[in-house]
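S.K.: A single structure is presented below for examination.
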Amino acid sequence: MESFVTTFDTVVDDALFWLSDHAAFIFDGIRMVLEGLYDAVLWLLMLPPFWVIALVGGLVGWRVLGWGFGTGGAIALAACAAMGLWPETMQTLALVVAASVIALLIGIPLGVMAGLMPRLDRTLTPALDLVQTLPPYIYLLPAIALMGYGPATALVATVIVAVPPAVRLTALGIRQTPAEFLELGQAVGASGAQMFLKIRLPFAISSIMAGINQSLIMAFGMVVIAGIVGSGGLGETIYGAIRTLDIATSINASIAIVVLTMLLDRMTQAAARKS
Amino acid sequence: MESNEVLIDCQSVWKVFGERSKEAIRSITERGLTKREILKEYNCVVGVADATLQVRRGEIFCIMGLSGSGKSTLIRLLNRLIEPSLGTVRVKGRDLSTLDAAALRETRARHIGMVFQSVALLPQRTVLENAAFGLEVQGIPRDERNRAAETALAKVGLSDWKLRYPRELSGGMQQRVGLARALTADPEIILMDEPFSALDPLIRRQLQDEFRQLTKDLGKSAVFITHDLDEAIRIGDRIAIMKDGVIIQEGTAEEIVMNPADQYVADFVAGISRLHLVKAHSVMMPLDQWCRQSPGLSPDSLPRCSPEADIDALIGKITGTGSDAIAIGHGGTTVGVVTTRSLLLGVRGESDNRAAA
């Protein structure tokens with residue numbers, strides 16, 4: 001038994017080394033795309049001074065949730081800058097946004113297919129269960145082996161964690177179209193595409209929005225953990241603070257993370273309610 | 001408006017549900033098994049058994065049955081929402097089973113409208129957008145389909161509500177929108193799947209009358225499903241009564257009330273008022289029989305009514321004139337006589353010539 005386990009471990013190790021030796025160009029390519037996306041988002045966020053971003057955040061908050069949330073949000077963002085953590089806060093935001101965009105681009109189409117095809121759903125569910133039950137640190141290891149230290153690795157691990165909720169909630173939304181409306185679609189002679197766009201999708205929107213919200217929250221969780229692999233941002237600040245027992249900095253960084261998470265969570269939730 | 005053109009021709013249609021339905025169907029055709037045997041041998045449920053019916057242009061055909069009688073399955077066989085296990089359904093002469101997916105969609109879109117018990121109005125759309133949905137699916141431009149939808153909404157009296165959302169409407173109004181949606185595409189045939197069952201009695205009566213009037217005015221044909229015999233009688237030109245997947249009787253309301261096919265139908269019609277349903281020609285006794293019973297009297301001395309006069313009118317005539325008998329005839333020819341006795345029997349749904357025989 002033990003020999004089998006050691007053999008298995010050796011095989012996995014060898015495979016990983018073989019991949020990093022022979023398929024390096026693939027992973028370098030992925031790394032370049034991911035870092036390009038991350039850099040672009042970060043560049044955009046760092047382009048204006050901090051108060052512009054705080055103001056924009058406040059305005060969006062006011063539009064979707066009222067003036068109380070708007071002013072609170074703007075002040076909270078300004079506080080992140082006051083704590084001297086503005087670049088880190090924006091780096092974290094850029095990581096979350098980049099990872100969520102990729103995760104949704106994968107998760108929503110996959111969820112739609114799973115919602116329409118029960119067999120795909122049955123094969124996908126255990127895979128998603130596995131991804132969600134494994135400790136999230138695990139995803140950092142193969143990623144760091146193949147792509148090295150840096151934000152690309154953090155993005156890969158974050159995408160892996162953020163995909164499952166998008167898939168699950170999209171599939172649920174698509175699956176739960178009330179039967180009488182499917183019958184209506186058939187009775188008026190709707191084609192497959194019309195059935196999807198005019199009947200299934202409108203009923204699924206709120207569930208899909210909930211999936212987007214959940215993906216964002218998962219991404220926030222992972223992005224902080226990914227500080228260990230040199231993701232940059234608040235995660236790395238906290239990791240550094242833990243190693244040097246710098247309690248003050250770790251608290252500041254935690255506050256900044258809470259601010260970002262709350263803002264994005266409440267705004268996407270409000271958007272989900274409206275749809 | 002009525003003609004003899006058959007719009008829906010449903011011949012010996014079966015629907016068997018269950019995993020082994022194919023084998024079950026084979027043994028029905030080869031060995032003539034009954035529903036009970038099918039259930040026992042194959043664990044398959046027979047939803048509709050050997051149903052044959054024809055719906056003619058301009059007529060309202062009611063299918064009456066209790067829940068589980070197979071009426072909802074039967075109506076879905078008529079537009080192939082459910083695939084028949086056996087038998088053929090022709091709509092305007094075309095066998096539905098030969099249509100490919102596109103042709104079937106086209107037939108449903110243009111020729112067969114459907115109204116559901118659950119109404120199924122899309123909650124994110126306005127009343128107008130819901131009413132125009134059928135044409136939207138057909139790819140008709142917005143202006144044109146909205147015009148058609150507005151016309152249909154006007155017919156059901158909801159012009160003022162077109163920009164509202166379904167949740168703002170009462171149940172009766174929602175079902176009117178459902179009817180308008182079916183009318184917008186201007187189909188010849190409308191399938192009504194218990195459309196009024198969830199409404200309260202007064203609204204239901206009102207919608208029944210409106211629906212019948214509208215269907216007749218527009219010259220549409222309708223298949224109307226209901227579990228309520230009163231509703232079937234009020235609306236239907238002809239009625240089919242279903243029980244356990246079988247059509248046990250088909251005919252006009254009067255035929256069914258006067259000659260129930262079996263005890264089940266008899267129990268159903270027992271509580272139905274005959275006053276406006278039973279006509280003079282069903283209760284009168286033949287002229288020669290009356291002459292034998294009443295020697296010396298001439299039918300010419302009696303007050304007269306047409307054979308189409310209903311019991312209510314006959315009672316009015318008898319109480320009004322004081323005569324115990326009424327001559328029934330067209331113009332100058334007398335075909336029979338209704339006596340007080342035959343009238344009383346008629347109220348109970350029996351005819352005098354049968355009682356005398």
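Here's how to read the names in the structure tokens: chain A, B, ... by the order shown, residue numbers from 1 in each chain, ligand numbers from 1 in the order shown.
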Please, which residues of chain A lie no more than 12 Å from chain B when the count uses only C-alpha atoms, and can they be set out as a ChimeraX atom specification?

M.R.: /A:177-206,274-275

S.K.: Please produce a file of the residues just selected, as a short mmCIF file (atom, residue, chain, number, x, y, z; two decimals), in the first residue's frame, where the atoms kept are N, CA and C atoms.

M.R.:
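This went into result-v5.cif:
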```cif
data_model
loop_
_atom_site.label_atom_id
_atom_site.label_comp_id
_atom_site.auth_asym_id
_atom_site.auth_seq_id
_atom_site.Cartn_x
_atom_site.Cartn_y
_atom_site.Cartn_z
N THR A 177 -36.75 26.99 -14.55
CA THR A 177 -37.81 27.65 -15.32
C THR A 177 -39.13 26.93 -15.04
N PRO A 178 -40.18 27.66 -14.64
CA PRO A 178 -41.44 26.97 -14.36
C PRO A 178 -41.94 26.20 -15.59
N ALA A 179 -42.43 24.99 -15.35
CA ALA A 179 -42.82 24.11 -16.45
C ALA A 179 -43.87 24.74 -17.37
N GLU A 180 -44.78 25.53 -16.78
CA GLU A 180 -45.85 26.08 -17.62
C GLU A 180 -45.31 27.06 -18.66
N PHE A 181 -44.16 27.70 -18.34
CA PHE A 181 -43.60 28.63 -19.31
C PHE A 181 -42.87 27.90 -20.43
N LEU A 182 -42.29 26.76 -20.08
CA LEU A 182 -41.69 25.94 -21.14
C LEU A 182 -42.79 25.46 -22.09
N GLU A 183 -43.91 25.08 -21.51
CA GLU A 183 -45.03 24.63 -22.32
C GLU A 183 -45.56 25.77 -23.20
N LEU A 184 -45.61 26.97 -22.61
CA LEU A 184 -46.04 28.14 -23.38
C LEU A 184 -45.13 28.33 -24.59
N GLY A 185 -43.81 28.26 -24.34
CA GLY A 185 -42.85 28.44 -25.43
C GLY A 185 -43.09 27.44 -26.54
N GLN A 186 -43.32 26.18 -26.14
CA GLN A 186 -43.59 25.16 -27.16
C GLN A 186 -44.88 25.45 -27.92
N ALA A 187 -45.90 25.84 -27.15
CA ALA A 187 -47.22 26.02 -27.76
C ALA A 187 -47.26 27.20 -28.73
N VAL A 188 -46.41 28.23 -28.52
CA VAL A 188 -46.40 29.33 -29.48
C VAL A 188 -45.38 29.10 -30.58
N GLY A 189 -44.69 27.95 -30.54
CA GLY A 189 -43.78 27.61 -31.62
C GLY A 189 -42.42 28.28 -31.50
N ALA A 190 -41.91 28.43 -30.27
CA ALA A 190 -40.60 29.05 -30.09
C ALA A 190 -39.49 28.07 -30.48
N SER A 191 -38.43 28.61 -31.11
CA SER A 191 -37.28 27.77 -31.45
C SER A 191 -36.42 27.58 -30.20
N GLY A 192 -35.41 26.72 -30.31
CA GLY A 192 -34.55 26.46 -29.16
C GLY A 192 -33.90 27.73 -28.63
N ALA A 193 -33.40 28.55 -29.54
CA ALA A 193 -32.72 29.79 -29.12
C ALA A 193 -33.72 30.75 -28.47
N GLN A 194 -34.92 30.85 -29.04
CA GLN A 194 -35.94 31.74 -28.46
C GLN A 194 -36.36 31.24 -27.08
N MET A 195 -36.48 29.92 -26.98
CA MET A 195 -36.85 29.32 -25.71
C MET A 195 -35.84 29.75 -24.64
N PHE A 196 -34.55 29.73 -25.01
CA PHE A 196 -33.51 30.07 -24.04
C PHE A 196 -33.52 31.56 -23.72
N LEU A 197 -33.51 32.38 -24.77
CA LEU A 197 -33.34 33.82 -24.56
C LEU A 197 -34.59 34.49 -24.00
N LYS A 198 -35.78 34.05 -24.47
CA LYS A 198 -37.00 34.76 -24.09
C LYS A 198 -37.69 34.15 -22.89
N ILE A 199 -37.41 32.88 -22.61
CA ILE A 199 -38.13 32.26 -21.51
C ILE A 199 -37.20 31.82 -20.38
N ARG A 200 -36.19 31.00 -20.69
CA ARG A 200 -35.34 30.50 -19.60
C ARG A 200 -34.49 31.60 -18.96
N LEU A 201 -33.83 32.41 -19.81
CA LEU A 201 -32.88 33.38 -19.28
C LEU A 201 -33.54 34.41 -18.35
N PRO A 202 -34.68 35.01 -18.74
CA PRO A 202 -35.28 36.00 -17.84
C PRO A 202 -35.59 35.44 -16.45
N PHE A 203 -35.98 34.15 -16.41
CA PHE A 203 -36.26 33.55 -15.10
C PHE A 203 -34.98 33.24 -14.34
N ALA A 204 -33.85 33.11 -15.07
CA ALA A 204 -32.61 32.68 -14.43
C ALA A 204 -31.78 33.86 -13.94
N ILE A 205 -32.09 35.07 -14.44
CA ILE A 205 -31.20 36.22 -14.19
C ILE A 205 -30.89 36.42 -12.71
N SER A 206 -31.91 36.37 -11.85
CA SER A 206 -31.63 36.69 -10.45
C SER A 206 -30.72 35.64 -9.83
N LYS A 274 -32.50 43.84 -8.04
CA LYS A 274 -33.21 44.64 -9.04
C LYS A 274 -33.57 43.84 -10.29
N SER A 275 -32.81 42.82 -10.61
CA SER A 275 -33.07 42.08 -11.86
C SER A 275 -34.18 41.06 -11.68
#
```

S.K.: May I have the residues within 12 Å of Leu39 in chain B as a ChimeraX atom specification, using only C-alpha atoms and disregarding those fewer than 5 positions away in the same chain?

M.R.: /B:16-21,23-25,27-28,33-34,44-47

S.K.: CA of Gly172 in chain B and CA of Leu202 in chain B are how many Å apart?

M.R.: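 Here the two named atoms are 10.2 Å from each other.
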
S.K.: Please report the interatomic distance between CA of Ile241 in chain B and CA of Leu343 in chain B in Å with one decimal.

M.R.: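 Interatomic distance, CA of Ile241 in chain B to CA of Leu343 in chain B: 26.5 Å.
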
S.K.: Report the distance between CA of Leu37 in chain A and CA of Arg63 in chain A in Å, rounded to one decimal place.

M.R.: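 Taking CA of Leu37 in chain A as the start and CA of Arg63 in chain A as the end point, the length is 27.9 Å.
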
S.K.: With a distance cut-off of 10 Å and only C-alpha atoms, select the neighbouring residues of range 17-21 of chain A, excluding the residue or stretch itself and same-chain residues fewer than 6 positions from it, and output the selection as a PyMOL selection string.

M.R.: chain A and resi 11+27-28+145-147

S.K.: Please identify all polymer residues within 7 Å of range 261-273 of chain A, counting only C-alpha atoms, omitting same-chain residues fewer than 4 positions from it, and present them as a list of chain:residue names.

M.R.: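 In the requested form, the answer reads A:Gly61, A:Val64, A:Leu65, A:Gly73, A:Ser206, A:Met209, A:Ala210, A:Asn213, A:Ile217, A:Phe220, A:Ile257.
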
S.K.: Limited to C-alpha atoms, could you put the picked residues into a file as a PDB file, in the first residue's frame?

M.R.:
```
ATOM      1  CA  GLY A  61     -23.108  53.105  -4.036  1.00  0.00           C
ATOM      2  CA  VAL A  64     -27.767  51.386  -6.180  1.00  0.00           C
ATOM      3  CA  LEU A  65     -28.227  51.612  -2.401  1.00  0.00           C
ATOM      4  CA  GLY A  73     -18.477  53.823   0.979  1.00  0.00           C
ATOM      5  CA  SER A 206     -31.626  36.687 -10.448  1.00  0.00           C
ATOM      6  CA  MET A 209     -26.637  37.482 -10.335  1.00  0.00           C
ATOM      7  CA  ALA A 210     -26.496  35.662  -6.995  1.00  0.00           C
ATOM      8  CA  ASN A 213     -22.022  37.806  -6.056  1.00  0.00           C
ATOM      9  CA  ILE A 217     -16.909  36.770  -2.295  1.00  0.00           C
ATOM     10  CA  PHE A 220     -11.903  37.933  -2.071  1.00  0.00           C
ATOM     11  CA  ILE A 257     -10.250  44.107   2.838  1.00  0.00           C
TER      12      ILE A 257
END
```

S.K.: Do a neighbour search on Trp62 in chain A at 10 Å with only C-alpha atoms, toss out local chain neighbours closer than 4 positions, and write the hits as a short mmCIF file (atom, residue, chain, number, x, y, z; two decimals) with C-alpha atoms, in the first residue's frame.

M.R.:
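Dumped everything to selection_38.cif:
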```cif
data_model
loop_
_atom_site.label_atom_id
_atom_site.label_comp_id
_atom_site.auth_asym_id
_atom_site.auth_seq_id
_atom_site.Cartn_x
_atom_site.Cartn_y
_atom_site.Cartn_z
CA VAL A 56 -16.84 57.01 -8.11
CA GLY A 57 -17.32 54.20 -5.58
CA GLY A 58 -19.50 56.53 -3.51
CA GLY A 66 -28.97 55.22 -1.46
CA TRP A 67 -27.00 58.16 -0.12
CA GLY A 68 -26.13 56.61 3.27
CA PHE A 69 -24.30 53.71 1.70
CA GLY A 70 -22.76 56.03 -0.89
CA THR A 71 -21.17 58.46 1.59
CA GLY A 72 -20.13 55.61 3.88
CA GLY A 73 -18.48 53.82 0.98
CA ALA A 74 -16.61 56.91 -0.20
CA MET A 267 -23.59 46.49 -4.68
#
```
